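Q: Dumping the structure here so I can ask a few things about it.
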Amino acid sequence: MKKLIFLFLLMVPVVIHAQTEEGKYYLYNIISFSGSIDNEGFKVDIDNGIEIKRLRDENGEKIKFKTPAGALMYLASKGWELYINGATSSGISVNGTGSSTTKSYWIMRKPCTKEEFEKAVKESIDD
C-alpha cells in the first residue's frame, strides 16, 4: 500500500504539468526594426497578423525608443514574451562590388484564451 501511495505522489506533478501545458494558446506579433538609432529614436514596426504598422502607445502616439532593449522591455511590460529572434539578409553584387542589408526581427507571444486565438486567426485571413 505504501508503494502505491508513493507511486501516486510521484505521478501527481506529471499529471498537473501535462494539464497546464496542454491547450495553451498564444497570440503572436512579429516585431521588426526600421531605420537606425538616431536623434529620432529607434522605430519599431509590429505585424499583428492583420496589418503591419508602427508600434503605438495607448493614446495612439508612435513610440520611439532609445535602444532595442527599451523596445523589448516595453513589450515585456505589456505581457509579451520573446519567443524567437532572428534576422534576414539580402544583397546584391555586381562586378565584385555590392552591398547587403540585414533586418532583425523578434517573434513575441502572449498567452490568450482559445476564443481570442480563434478570433485572431479569423481576422488574419484575407477573404
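Numbering starts fresh at 1 for the residues of each chain in the C-alpha cells, the chains themselves are lettered A, B, ... in the order given, and ligands are numbered from 1 as they appear.
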Please run DSSP on the backbone and report, as a ChimeraX atom specification, all residues within stretch 47-116 of chain A that come out as strand (DSSP E).
A: /A:47,52-54,64-65,81-94,97-112
Q: List the neighbours of stretch 46-61 of chain A out to 7 Å using only C-alpha atoms; skip same-chain residues closer than 4 positions along the sequence, and give me the result as a list in words.
A: Tyr28, Asn29, Ile30, Ile31, Ser32, Glu123 and Ser124 of chain A
Q: Report the distance between atom CA of A:Trp80 and atom CA of A:Tyr25 in Å, rounded to one decimal place.
A: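 Answer for the atom CA of A:Trp80 to atom CA of A:Tyr25 separation: 13.1 Å.
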